[in-house]
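J.: My structure is stored as model23.cif, with mmCIF, C-alpha atoms and all ligand atoms.
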```cif
data_target
loop_
_atom_site.label_atom_id
_atom_site.label_comp_id
_atom_site.auth_asym_id
_atom_site.auth_seq_id
_atom_site.Cartn_x
_atom_site.Cartn_y
_atom_site.Cartn_z
CA MET N 1 8.58 90.51 87.47
CA MET N 2 10.72 87.58 86.43
CA TYR N 3 8.00 84.93 86.65
CA SER N 4 5.38 86.82 84.65
CA GLN N 5 7.98 87.27 81.91
CA HIS N 6 8.58 83.54 81.95
CA ARG N 7 4.85 82.88 81.57
CA LYS N 8 4.65 85.32 78.69
CA LYS N 9 7.52 83.56 76.95
CA LEU N 10 5.62 80.27 77.27
CA PHE N 11 2.26 81.72 76.19
CA ASP N 12 3.93 83.17 73.07
CA LEU N 13 4.76 79.65 71.92
CA PHE N 14 1.08 78.78 71.88
CA GLU N 15 -0.18 81.95 70.25
CA GLU N 16 -1.18 80.22 67.03
CA ASN N 17 -3.43 77.75 68.76
CA LYS N 18 -4.84 79.43 71.79
CA ASP N 19 -7.68 77.08 72.63
CA CYS N 20 -5.68 75.26 75.25
CA ILE N 21 -4.79 75.18 78.90
CA LEU N 22 -1.32 74.48 80.24
CA PHE N 23 -1.48 72.54 83.47
CA PHE N 24 1.43 72.11 85.89
CA SER N 25 1.76 70.30 89.18
CA GLY N 26 4.29 71.52 91.65
CA GLY N 27 6.51 69.29 93.75
CA THR N 28 5.55 67.31 96.81
CA VAL N 29 7.55 66.49 99.91
CA ALA N 30 9.71 63.39 99.49
CA ARG N 31 10.05 60.93 102.36
CA ARG N 32 12.72 58.42 103.21
CA TYR N 33 11.27 55.05 102.18
CA ASP N 34 8.25 54.17 104.33
CA THR N 35 9.00 56.56 107.16
CA ASP N 36 7.83 60.02 108.12
CA PHE N 37 11.34 61.42 107.72
CA GLU N 38 10.98 64.31 105.27
CA TYR N 39 13.64 65.49 102.86
CA PRO N 40 13.91 69.26 102.54
CA PHE N 41 11.36 70.47 100.00
CA ARG N 42 12.71 71.75 96.69
CA GLN N 43 10.18 72.95 94.14
CA GLU N 44 10.02 71.20 90.75
CA SER N 45 12.04 73.35 88.37
CA ASN N 46 9.43 73.99 85.66
CA PHE N 47 6.92 75.02 88.28
CA LEU N 48 9.44 77.26 89.98
CA TYR N 49 10.35 78.83 86.64
CA LEU N 50 6.77 79.81 85.91
CA THR N 51 5.46 80.72 89.35
CA GLY N 52 8.24 81.32 91.87
CA VAL N 53 6.07 79.38 94.32
CA ASP N 54 8.31 77.58 96.78
CA GLU N 55 5.81 75.40 98.68
CA PRO N 56 4.68 71.80 98.21
CA ASP N 57 1.34 70.48 96.92
CA MET N 58 0.53 73.33 94.56
CA ALA N 59 -0.60 73.28 90.95
CA ALA N 60 -1.03 75.94 88.30
CA MET N 61 -3.12 76.46 85.22
CA MET N 62 -2.32 78.84 82.38
CA ASP N 63 -5.18 79.65 80.01
CA CYS N 64 -3.73 80.44 76.57
CA LYS N 65 -6.99 82.07 75.45
CA THR N 66 -7.12 84.67 78.21
CA GLY N 67 -3.49 84.71 79.35
CA GLU N 68 -4.75 84.06 82.86
CA TYR N 69 -2.64 82.27 85.45
CA THR N 70 -4.49 80.45 88.22
CA LEU N 71 -2.64 79.13 91.25
CA ILE N 72 -4.25 75.97 92.63
CA ILE N 73 -3.72 75.49 96.36
CA PRO N 74 -4.47 72.55 98.66
CA ARG N 75 -7.20 72.87 101.25
CA ARG N 76 -5.23 72.37 104.47
CA ASP N 77 -6.72 71.45 107.83
CA THR N 78 -5.91 72.25 111.44
CA GLN N 79 -3.63 69.25 111.76
CA TYR N 80 -1.45 70.74 109.04
CA ALA N 81 -1.12 73.94 111.04
CA VAL N 82 -0.25 71.99 114.17
CA TRP N 83 2.45 69.86 112.59
CA MET N 84 3.67 71.48 109.42
CA GLY N 85 3.26 75.20 109.17
CA TYR N 86 1.13 78.26 108.78
CA LEU N 87 -2.19 78.21 106.96
CA TYR N 88 -2.63 80.92 104.37
CA SER N 89 -5.84 82.13 102.81
CA PRO N 90 -6.28 82.43 99.04
CA ASP N 91 -5.91 86.21 99.47
CA GLU N 92 -2.58 85.78 101.17
CA TYR N 93 -1.34 83.53 98.36
CA GLN N 94 -2.57 86.10 95.91
CA LYS N 95 -0.46 88.78 97.57
CA LYS N 96 2.56 86.56 98.04
CA TYR N 97 2.89 85.16 94.52
CA GLY N 98 0.76 87.43 92.32
CA PRO N 99 -1.31 84.93 90.31
CA ASP N 100 -4.39 86.27 88.50
CA ARG N 101 -6.58 83.96 90.56
CA VAL N 102 -6.32 81.43 93.35
CA ILE N 103 -8.59 78.38 93.62
CA TYR N 104 -8.59 75.29 95.80
CA ALA N 105 -7.58 71.98 94.26
CA ASP N 106 -11.10 70.60 94.80
CA GLU N 107 -12.45 73.37 92.56
CA LEU N 108 -10.26 72.45 89.58
CA ASP N 109 -12.69 70.03 87.96
CA LYS N 110 -15.47 72.62 87.92
CA GLU N 111 -13.08 75.30 86.69
CA LEU N 112 -11.88 73.19 83.75
CA LYS N 113 -15.44 72.27 82.76
CA LEU N 114 -16.30 75.95 82.64
CA ARG N 115 -13.37 76.80 80.39
CA LYS N 116 -13.85 73.82 78.02
CA PRO N 117 -10.40 73.93 76.37
CA GLU N 118 -9.89 71.94 73.18
CA VAL N 119 -6.81 70.43 74.75
CA ILE N 120 -4.95 70.50 78.06
CA HIS N 121 -1.17 70.30 77.82
CA SER N 122 0.76 68.92 80.74
CA LEU N 123 4.09 67.29 81.47
CA PRO N 124 3.79 63.48 81.54
CA ALA N 125 3.99 63.20 85.33
CA ALA N 126 1.04 65.56 85.86
CA ALA N 127 -1.33 64.08 83.28
CA GLY N 128 -2.94 61.42 85.47
CA SER N 129 -5.07 63.65 87.68
CA ILE N 130 -6.48 65.59 84.72
CA LYS N 131 -7.22 62.46 82.70
CA GLU N 132 -9.13 61.10 85.68
CA MET N 133 -11.40 64.11 85.44
CA GLY N 134 -12.18 63.04 81.88
CA PHE N 135 -10.27 65.69 79.91
CA HIS N 136 -8.11 65.19 76.86
CA VAL N 137 -4.48 65.64 77.87
CA GLU N 138 -1.54 66.12 75.52
CA THR N 139 1.84 65.35 77.09
CA GLY N 140 4.15 65.46 74.06
CA GLU N 141 4.64 69.19 73.63
CA LEU N 142 4.97 71.00 76.91
CA GLY N 143 8.33 69.50 77.86
CA GLY N 144 9.94 70.81 74.67
CA ALA N 145 8.28 74.19 75.12
CA MET N 146 9.59 74.48 78.67
CA ALA N 147 13.10 73.48 77.59
CA TYR N 148 12.94 76.11 74.86
CA CYS N 149 11.94 78.82 77.35
CA ARG N 150 14.50 77.82 79.98
CA THR N 151 17.49 77.52 77.66
CA ILE N 152 17.96 81.24 77.07
CA LYS N 153 18.31 83.07 80.38
CA SER N 154 16.94 86.54 81.05
CA GLU N 155 19.03 89.13 82.84
CA ASP N 156 16.93 88.49 85.99
CA GLU N 157 17.84 84.81 85.85
CA ILE N 158 21.47 85.70 85.24
CA ARG N 159 21.41 87.85 88.37
CA CYS N 160 20.29 84.76 90.34
CA LEU N 161 23.01 82.63 88.73
CA LYS N 162 25.58 85.28 89.63
CA LYS N 163 24.42 85.32 93.23
CA ALA N 164 24.80 81.54 93.44
CA ALA N 165 28.19 81.78 91.74
CA SER N 166 29.51 84.42 94.11
CA VAL N 167 28.72 82.32 97.18
CA ALA N 168 30.07 79.15 95.56
CA ASN N 169 33.26 81.02 94.58
CA GLN N 170 33.80 82.04 98.19
CA ALA N 171 33.03 78.57 99.56
CA HIS N 172 35.53 77.10 97.08
CA ARG N 173 38.23 79.51 98.21
CA ASP N 174 37.54 78.69 101.85
CA VAL N 175 37.85 74.96 101.22
CA MET N 176 40.95 75.39 99.07
CA LYS N 177 42.50 77.24 101.96
CA ALA N 178 41.55 74.49 104.42
CA VAL N 179 42.87 71.56 102.38
CA SER N 180 45.92 69.97 103.96
CA PRO N 181 47.37 66.51 104.59
CA ASP N 182 45.36 64.79 107.31
CA SER N 183 42.11 66.67 106.70
CA TYR N 184 39.15 64.42 105.91
CA GLU N 185 36.90 64.63 102.87
CA TYR N 186 33.81 64.97 105.09
CA GLU N 187 35.33 67.89 106.99
CA LEU N 188 35.83 69.76 103.75
CA LYS N 189 32.28 68.95 102.68
CA ALA N 190 31.00 70.25 106.01
CA LEU N 191 32.99 73.46 105.59
CA PHE N 192 31.64 74.01 102.08
CA GLN N 193 28.06 73.48 103.24
CA TYR N 194 28.56 75.79 106.20
CA ARG N 195 29.72 78.54 103.85
CA THR N 196 26.70 78.19 101.57
CA ALA N 197 24.15 77.74 104.37
CA ARG N 198 25.34 80.79 106.27
CA ASN N 199 24.50 82.80 103.16
CA GLY N 200 20.93 81.53 103.37
CA MET N 201 21.44 78.97 100.61
CA MET N 202 19.99 75.89 102.28
CA HIS N 203 19.73 73.81 99.13
CA LEU N 204 22.72 72.47 97.31
CA PRO N 205 22.25 72.08 93.55
CA TYR N 206 23.92 68.63 93.82
CA SER N 207 25.55 66.71 96.61
CA GLY N 208 29.09 67.58 95.55
CA ILE N 209 32.31 65.68 95.01
CA PHE N 210 35.00 65.92 97.68
CA ALA N 211 37.51 63.39 96.44
CA SER N 212 41.14 62.79 97.27
CA GLY N 213 43.75 60.53 95.71
CA PRO N 214 42.35 57.72 93.53
CA GLY N 215 38.79 58.82 94.37
CA SER N 216 39.29 61.92 92.24
CA ALA N 217 39.11 59.65 89.18
CA ILE N 218 35.59 58.51 90.10
CA LEU N 219 33.38 60.91 88.24
CA HIS N 220 30.57 61.03 90.80
CA TYR N 221 32.48 60.02 93.92
CA VAL N 222 30.19 60.16 96.97
CA GLU N 223 32.07 58.44 99.76
CA TYR N 224 33.60 61.40 101.61
CA HIS N 225 35.25 59.32 104.36
CA ARG N 226 38.85 59.33 103.22
CA LYS N 227 41.75 61.11 104.84
CA LEU N 228 43.74 63.35 102.48
CA ARG N 229 47.39 62.43 102.07
CA ASP N 230 50.51 64.38 101.35
CA GLY N 231 51.43 64.16 97.68
CA GLU N 232 47.92 63.43 96.40
CA LEU N 233 45.42 65.53 94.50
CA PHE N 234 42.11 66.74 95.91
CA LEU N 235 39.18 67.35 93.57
CA LEU N 236 36.35 69.62 94.69
CA ASP N 237 33.19 69.79 92.56
CA ALA N 238 30.47 71.68 94.42
CA GLY N 239 28.06 74.54 93.97
CA ALA N 240 25.41 76.73 95.50
CA GLU N 241 21.80 77.43 94.66
CA TYR N 242 20.00 80.78 94.79
CA ARG N 243 16.23 80.88 94.17
CA GLY N 244 16.70 77.57 92.41
CA TYR N 245 19.54 78.74 90.15
CA ALA N 246 22.74 76.72 90.36
CA ALA N 247 26.47 77.26 90.36
CA ASP N 248 28.60 74.23 89.45
CA ILE N 249 32.33 74.65 89.96
CA THR N 250 35.28 72.25 90.02
CA ARG N 251 38.86 72.79 91.11
CA THR N 252 41.67 70.28 91.54
CA MET N 253 44.55 71.04 93.89
CA PRO N 254 47.56 69.37 95.46
CA VAL N 255 46.80 68.31 99.03
CA ASN N 256 50.14 69.70 100.27
CA GLY N 257 49.84 72.98 98.35
CA LYS N 258 52.49 72.19 95.73
CA PHE N 259 51.96 70.20 92.49
CA ASN N 260 54.60 67.55 91.84
CA THR N 261 56.11 67.24 88.36
CA LEU N 262 53.63 64.73 86.94
CA GLN N 263 50.63 66.48 88.53
CA ALA N 264 51.84 69.79 87.14
CA GLU N 265 52.30 68.39 83.65
CA LEU N 266 48.83 66.88 83.51
CA TYR N 267 47.21 69.87 85.22
CA ASP N 268 48.49 72.25 82.58
CA ILE N 269 47.05 70.07 79.81
CA VAL N 270 43.57 70.26 81.36
CA LEU N 271 43.91 73.98 81.98
CA GLU N 272 44.94 74.63 78.39
CA SER N 273 41.98 72.61 77.09
CA GLN N 274 39.65 74.55 79.37
CA GLU N 275 40.97 78.00 78.49
CA LYS N 276 40.90 77.28 74.74
CA THR N 277 37.33 75.98 74.82
CA ILE N 278 36.04 78.80 77.04
CA GLU N 279 37.37 81.13 74.37
CA MET N 280 35.21 79.23 71.84
CA ALA N 281 32.03 79.60 73.92
CA ARG N 282 30.50 82.06 71.47
CA PRO N 283 27.28 82.31 69.49
CA GLY N 284 27.26 79.99 66.48
CA ASN N 285 29.62 77.37 67.92
CA LYS N 286 28.46 73.98 69.14
CA MET N 287 29.24 72.03 72.29
CA GLU N 288 30.39 69.01 70.27
CA ASP N 289 33.00 71.12 68.44
CA LEU N 290 34.31 72.39 71.76
CA HIS N 291 34.38 68.86 73.12
CA LEU N 292 36.50 67.59 70.24
CA THR N 293 38.85 70.56 70.57
CA ALA N 294 39.33 69.79 74.26
CA ALA N 295 39.87 66.10 73.51
CA ARG N 296 42.53 66.94 70.90
CA ILE N 297 44.39 69.19 73.33
CA ILE N 298 44.27 66.51 76.02
CA VAL N 299 45.47 63.73 73.76
CA SER N 300 48.29 65.82 72.30
CA GLY N 301 49.33 66.85 75.81
CA LEU N 302 49.44 63.20 76.82
CA ARG N 303 51.51 62.49 73.73
CA ASP N 304 53.94 65.30 74.57
CA CYS N 305 54.59 63.77 77.96
CA GLY N 306 54.94 60.31 76.45
CA LEU N 307 51.95 58.58 78.05
CA VAL N 308 50.30 57.93 74.69
CA LYS N 309 51.84 57.24 71.27
CA GLY N 310 50.75 57.71 67.67
CA SER N 311 49.55 60.56 65.47
CA ILE N 312 46.96 62.92 66.89
CA ASP N 313 44.47 61.95 64.16
CA GLU N 314 44.92 58.29 64.93
CA LEU N 315 44.54 58.87 68.68
CA MET N 316 41.34 60.76 67.97
CA ASP N 317 39.97 58.25 65.43
CA LYS N 318 40.58 55.34 67.78
CA ASN N 319 39.02 57.23 70.69
CA VAL N 320 42.16 56.92 72.79
CA PHE N 321 41.31 60.33 74.27
CA ALA N 322 38.13 58.86 75.76
CA LEU N 323 40.16 56.53 77.98
CA PHE N 324 41.36 59.61 79.82
CA PHE N 325 38.47 62.03 79.23
CA PRO N 326 35.33 59.86 79.32
CA HIS N 327 32.66 62.48 80.04
CA GLY N 328 31.15 65.44 78.24
CA LEU N 329 32.88 68.81 78.15
CA GLY N 330 29.95 70.60 79.70
CA HIS N 331 26.22 71.08 80.07
CA PHE N 332 23.60 73.76 80.32
CA LEU N 333 23.22 75.35 83.73
CA GLY N 334 20.13 76.93 85.25
CA LEU N 335 17.38 75.81 87.58
CA ASP N 336 18.83 72.35 87.25
CA THR N 337 22.55 71.73 87.44
CA HIS N 338 22.28 69.62 84.32
CA ASP N 339 19.76 71.98 82.85
CA VAL N 340 17.23 71.33 80.11
CA GLY N 341 17.79 72.19 76.50
CA GLY N 342 21.26 70.81 76.03
CA TYR N 343 20.65 67.47 74.45
CA PRO N 344 17.20 67.39 73.01
CA LYS N 345 17.68 64.08 71.23
CA GLY N 346 14.62 61.97 71.78
CA THR N 347 12.47 65.04 72.13
CA LYS N 348 9.86 64.97 69.43
CA ARG N 349 10.06 67.54 66.73
CA ILE N 350 6.99 69.71 67.00
CA ASP N 351 5.70 70.19 63.51
CA ARG N 352 3.40 73.05 64.12
CA PRO N 353 3.58 76.78 63.48
CA GLY N 354 5.23 78.64 66.29
CA LEU N 355 6.70 75.51 67.83
CA ARG N 356 8.81 74.23 64.95
CA PHE N 357 11.92 75.91 66.27
CA LEU N 358 11.93 73.60 69.28
CA ARG N 359 14.31 71.34 67.41
CA ALA N 360 17.93 70.69 68.40
CA ARG N 361 19.30 73.86 69.83
CA ARG N 362 22.81 72.89 70.59
CA THR N 363 24.27 75.81 68.66
CA PHE N 364 25.21 78.47 71.18
CA GLU N 365 23.13 81.63 71.37
CA PRO N 366 23.48 84.69 73.59
CA GLY N 367 21.86 84.09 76.97
CA MET N 368 22.71 80.41 77.20
CA VAL N 369 24.64 79.47 80.31
CA ILE N 370 26.96 76.48 80.20
CA THR N 371 29.72 74.76 82.12
CA ILE N 372 33.10 74.04 80.56
CA GLU N 373 34.71 71.18 82.47
CA PRO N 374 37.38 69.13 80.72
CA GLY N 375 39.06 66.43 82.75
CA LEU N 376 41.94 64.00 82.61
CA TYR N 377 41.72 60.87 84.72
CA ILE N 378 43.63 57.69 85.36
CA ILE N 379 40.71 55.28 85.64
CA PRO N 380 41.86 51.70 86.29
CA ALA N 381 38.52 50.30 85.14
CA LEU N 382 39.06 51.82 81.68
CA LEU N 383 42.83 51.57 81.34
CA GLU N 384 43.57 48.09 82.65
CA PRO N 385 41.45 46.30 80.01
CA SER N 386 42.98 48.47 77.28
CA PHE N 387 46.49 47.35 78.30
CA SER N 388 45.65 43.99 76.72
CA ASP N 389 43.57 45.34 73.83
CA PRO N 390 45.67 44.92 70.66
CA GLY N 391 44.18 48.03 69.03
CA LEU N 392 44.75 50.28 72.03
CA LYS N 393 47.85 49.07 73.83
CA VAL N 394 50.13 50.13 70.97
CA HIS N 395 49.10 53.70 71.77
CA LEU N 396 49.78 53.52 75.49
CA ASP N 397 52.92 53.57 77.59
CA VAL N 398 51.65 50.57 79.52
CA SER N 399 54.52 50.35 81.98
CA ARG N 400 54.31 54.01 83.05
CA LEU N 401 50.53 54.08 83.14
CA SER N 402 50.33 50.95 85.25
CA GLN N 403 52.47 52.75 87.83
CA MET N 404 49.87 55.55 87.96
CA MET N 405 46.76 53.69 89.07
CA GLU N 406 46.52 55.70 92.30
CA PHE N 407 46.99 59.05 90.56
CA GLY N 408 43.32 60.03 90.46
CA GLY N 409 42.08 62.72 88.13
CA ILE N 410 41.98 66.40 87.32
CA ARG N 411 38.92 68.43 86.33
CA ILE N 412 38.54 72.18 86.04
CA GLU N 413 35.04 73.61 85.67
CA ASP N 414 33.82 77.16 85.17
CA ASN N 415 30.35 78.58 84.49
CA ILE N 416 30.05 80.63 81.34
CA ILE N 417 27.40 82.94 79.91
CA ILE N 418 27.31 83.01 76.12
CA ARG N 419 27.30 86.68 75.17
CA GLU N 420 27.13 88.38 71.78
CA ASN N 421 30.71 89.59 72.18
CA GLY N 422 32.24 86.55 73.87
CA PRO N 423 32.19 84.41 76.98
CA GLU N 424 31.42 85.89 80.40
CA ASN N 425 32.93 83.77 83.17
CA LEU N 426 31.00 83.62 86.47
CA THR N 427 33.64 81.55 88.23
CA ASP N 428 36.35 83.24 90.22
CA VAL N 429 38.46 80.73 92.14
CA PRO N 430 42.27 80.35 91.76
CA LYS N 431 42.87 78.26 88.67
CA THR N 432 46.41 78.48 87.31
CA ARG N 433 49.00 76.35 89.08
CA SER N 434 50.85 79.33 90.45
CA ASP N 435 47.64 81.01 91.69
CA ILE N 436 46.53 77.82 93.44
CA GLU N 437 49.92 77.19 95.03
CA GLN N 438 50.26 80.76 96.20
CA PHE N 439 46.71 80.82 97.56
CA MET N 440 47.06 77.52 99.42
CA THR N 441 50.38 78.34 101.02
CA SER N 442 49.84 82.01 101.90
CA GLU N 443 48.86 82.89 105.45
CA PRO N 444 45.13 82.94 106.23
CA VAL N 445 43.68 86.45 106.23
MN MN O 1 29.13 70.25 85.97
#
```
Represent the structure contained in this file as structure tokens.
T.:
Amino acid sequence: MMYSQHRKKLFDLFEENKDCILFFSGGTVARRYDTDFEYPFRQESNFLYLTGVDEPDMAAMMDCKTGEYTLIIPRRDTQYAVWMGYLYSPDEYQKKYGPDRVIYADELDKELKLRKPEVIHSLPAAAGSIKEMGFHVETGELGGAMAYCRTIKSEDEIRCLKKAASVANQAHRDVMKAVSPDSYEYELKALFQYRTARNGMMHLPYSGIFASGPGSAILHYVEYHRKLRDGELFLLDAGAEYRGYAADITRTMPVNGKFNTLQAELYDIVLESQEKTIEMARPGNKMEDLHLTAARIIVSGLRDCGLVKGSIDELMDKNVFALFFPHGLGHFLGLDTHDVGGYPKGTKRIDRPGLRFLRARRTFEPGMVITIEPGLYIIPALLEPSFSDPGLKVHLDVSRLSQMMEFGGIRIEDNIIIRENGPENLTDVPKTRSDIEQFMTSEPV
């Protein structure tokens, strides 16, 4: 079973100092401000990773000495059954989720006193309740250990990611087909959500970007109210979630089904940077090397079409590329869309046998799953100030660029598994210009 393998992976990190307990609290239901409006419950990702338990108000305890996993459940009353849902007995939880034991939350104190661990490890947010019971809690190590476990995906996890990807692929195709002048961003969002929900995927891994025209240059555009117009671009960044595992896909398309000359020119630059860096998504390479490769391709493409001037080295050294490509090339993907393990700066190095390898792990290894998502944007907030910056303006075709402030942006994003023998791409949505144009203008099936 997937979750017992995950627990074993975590226990193995503590095998040289077993006199400890790992304590986790699950998620709770979030409410809208001071009201009783409840947001849909989504389990906290570390808790989900270790237990598969998809209900609020749970906790879990892993005893490193015995390898035992205890699920800690709330004691619910009749009112809960009336308003919220079914009441289950400890036996039923036992059968449903397969822990070694089930106890009620009000028995935890007694349980911990019996076990007398030298130390209890928890994530910072969960430490309070245990400290109140008078135990020594260590919060500096478990986060790194969890990130270590979650960074390399098992084949079971990859199956979940593939399931999410296949539904997101289909939803993307359906929206791409529906895009036309006069459709509204919110309609396309509704269609995407319909396609994921009807596959039983009620959670979205993130709210999604459905951006037309100039909005496509806003990296996390969330307005959704705009009407699409003939001649503009439409950028769709949306995914699906299966058993917590995310897909995260972006496509950019012409609203009328046919790229104009400038759109085509810039689109092909982004596509080339994406294809080249996907090819580099192999064990031993690093995300920052891929990022710089993508940036070089983008800046030389911009130079070829005359929008920037100067030598490639100079354009790189002076960070001119970052005016057009201001975000990272990609991130780890898993139970969180921006998954753990990618940028462990700030995480403490754990100088202790068995845990020392929790240091920076940005070098790709088989089983990592990443996104590759270069972009090229015309962002007035970045470009307009640089038009009067003496160091930058010499590198820009100011008169042409200032005509392009409504252009928007282009991003192309695929989800990639790092494999021993090369990248495995989970994303399957039309991507070349000709494929997109043909797909958008062919008759619906
Ligand atoms: Mn992404």
J.: Tell me which of N:Met368, N:Ala294, N:Ala322, N:Ala238 sits closest to ligand MN 1 (chain O), counting all atoms listed in the file.
T.: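 Nearest to ligand MN 1 (chain O): N:Ala238.
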J.: Work out how far apart atom CA of Gly67 of chain N and atom CA of Ser129 of chain N are and give it in Å to one decimal.
T.: 22.7 Å
J.: Residues up to 12 Å from ligand MN 1 (chain O), counting all atoms listed in the file: could you list those as a count of residues only?
T.: 42
J.: For atom CA of Glu288 of chain N and atom CA of Ile417 of chain N, quote the distance in Å rounded to one decimal.
T.: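 Value for the atom CA of Glu288 of chain N-atom CA of Ile417 of chain N distance: 17.2 Å.
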J.: Could you tell me which of N:His291, N:Lys131, N:Lys189, N:Arg76 comes closest to Asp106 of chain N if we count all atoms listed in the file?
T.: N:Arg76
J.: List the spatial neighbours of Phe324 of chain N as an mmCIF file with C-alpha atoms, in the coordinates of the input - criterion: any atom at most 9 Å away, all atoms listed in the file, same-chain residues fewer than 6 positions off excluded.
T.:
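For reference, part-v1.cif as written:
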```cif
data_model
loop_
_atom_site.group_PDB
_atom_site.id
_atom_site.type_symbol
_atom_site.label_atom_id
_atom_site.label_comp_id
_atom_site.auth_asym_id
_atom_site.auth_seq_id
_atom_site.Cartn_x
_atom_site.Cartn_y
_atom_site.Cartn_z
ATOM 1 C CA ILE N 298 44.270 66.510 76.020
ATOM 2 C CA VAL N 299 45.470 63.730 73.760
ATOM 3 C CA GLY N 375 39.060 66.430 82.750
ATOM 4 C CA LEU N 376 41.940 64.000 82.610
ATOM 5 C CA TYR N 377 41.720 60.870 84.720
ATOM 6 C CA ILE N 378 43.630 57.690 85.360
ATOM 7 C CA ILE N 379 40.710 55.280 85.640
ATOM 8 C CA LEU N 382 39.060 51.820 81.680
ATOM 9 C CA LEU N 383 42.830 51.570 81.340
ATOM 10 C CA GLY N 409 42.080 62.720 88.130
#
```
J.: Restricting the calculation to only C-alpha atoms, which member of N:Val255, N:Asp12, N:Val340, N:Met316 is positioned closest to Thr293 of chain N?
T.: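 Ranking N:Val255, N:Asp12, N:Val340, N:Met316 by distance to Thr293 of chain N, first place goes to N:Met316.
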J.: Take the point (-2.5, 76.8, 88.7) as written in the file and pick out every residue within 10 Å of it, counting all atoms listed in the file; give the list as a PyMOL selection string.
T.: chain N and resi 22-26+47+51+58-63+68-73+99-105+108
J.: So that I can see what lies close to segment 193-198 of chain N, please list as number ranges by chain the residues with an atom at most 7 Å from it, counting all atoms listed in the file and leaving out residues fewer than 6 positions away in the same chain.
T.: N: 167-168, 171, 240
J.: So that I have them on file, write out the residues from the current selection with C-alpha atoms, as a PDB file, in the coordinates of the input.
T.:
```pdb
ATOM      1  CA  VAL N 167      28.720  82.320  97.180  1.00  0.00           C
ATOM      2  CA  ALA N 168      30.070  79.150  95.560  1.00  0.00           C
ATOM      3  CA  ALA N 171      33.030  78.570  99.560  1.00  0.00           C
ATOM      4  CA  ALA N 240      25.410  76.730  95.500  1.00  0.00           C
TER       5      ALA N 240
END
```
J.: Grab the atom CA of Thr252 of chain N to atom CA of Phe387 of chain N distance for me, in Å with one decimal place.
T.: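 Between atom CA of Thr252 of chain N and atom CA of Phe387 of chain N the gap works out to 26.9 Å.
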J.: Draw an axis-aligned box tight on the listed atoms of segment 44-50 of chain N, then pad every side by 3 Å and write out centre and edge lengths in Å to one decimal as lines of an AutoDock Vina configuration file.
T.:
```
center_x = 9.4
center_y = 75.5
center_z = 88.2
size_x = 11.3
size_y = 14.6
size_z = 11.1
```
J.: Using all atoms listed in the file, can you tell me which of N:Tyr93, N:Phe321, N:Phe259, N:Phe37 comes closest to Gln438 of chain N?
T.: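 Of N:Tyr93, N:Phe321, N:Phe259, N:Phe37, the one nearest Gln438 of chain N is N:Phe259, counting all atoms listed in the file.
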J.: Tell me which of N:Leu396, N:Lys431, N:Glu406, N:Pro366 sits closest to Ser154 of chain N, counting only C-alpha atoms.
T.: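 Going through N:Leu396, N:Lys431, N:Glu406, N:Pro366 one by one, the smallest distance to Ser154 of chain N is for N:Pro366.
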J.: Closest to Asp182 of chain N among N:Asp77, N:Glu111, N:Asp230, N:Glu155, using only C-alpha atoms?
T.: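 Residue with the minimum atom-to-atom distance to Asp182 of chain N: N:Asp230.
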J.: Up to 8 Å from (2.1, 73.2, 78.3) in the file's coordinates: name the residues, counting only C-alpha atoms, as a PyMOL selection string.
T.: chain N and resi 10+21-24+120-123+139+141-143+145-146
J.: Please return segment 12-20 of chain N, rebuilt to N, CA and C atoms, as a JSON list (two decimals), in the coordinates of the input.
T.:
```json
[["chain", "number", "residue", "atom", "x", "y", "z"],
["N", 12, "ASP", "N", 3.61, 82.78, 74.45],
["N", 12, "ASP", "CA", 3.93, 83.17, 73.07],
["N", 12, "ASP", "C", 4.11, 81.96, 72.16],
["N", 13, "LEU", "N", 4.57, 80.84, 72.74],
["N", 13, "LEU", "CA", 4.76, 79.65, 71.92],
["N", 13, "LEU", "C", 3.44, 79.02, 71.49],
["N", 14, "PHE", "N", 2.38, 79.37, 72.19],
["N", 14, "PHE", "CA", 1.08, 78.78, 71.88],
["N", 14, "PHE", "C", 0.14, 79.79, 71.22],
["N", 15, "GLU", "N", 0.72, 80.89, 70.70],
["N", 15, "GLU", "CA", -0.18, 81.95, 70.25],
["N", 15, "GLU", "C", -0.93, 81.59, 68.97],
["N", 16, "GLU", "N", -0.46, 80.56, 68.26],
["N", 16, "GLU", "CA", -1.18, 80.22, 67.03],
["N", 16, "GLU", "C", -2.27, 79.18, 67.25],
["N", 17, "ASN", "N", -2.31, 78.64, 68.43],
["N", 17, "ASN", "CA", -3.43, 77.75, 68.76],
["N", 17, "ASN", "C", -3.80, 77.96, 70.21],
["N", 18, "LYS", "N", -4.64, 78.96, 70.42],
["N", 18, "LYS", "CA", -4.84, 79.43, 71.79],
["N", 18, "LYS", "C", -5.89, 78.67, 72.58],
["N", 19, "ASP", "N", -6.60, 77.75, 71.91],
["N", 19, "ASP", "CA", -7.68, 77.08, 72.63],
["N", 19, "ASP", "C", -7.13, 75.95, 73.48],
["N", 20, "CYS", "N", -6.26, 76.30, 74.41],
["N", 20, "CYS", "CA", -5.68, 75.26, 75.25],
["N", 20, "CYS", "C", -5.34, 75.80, 76.63]]
```
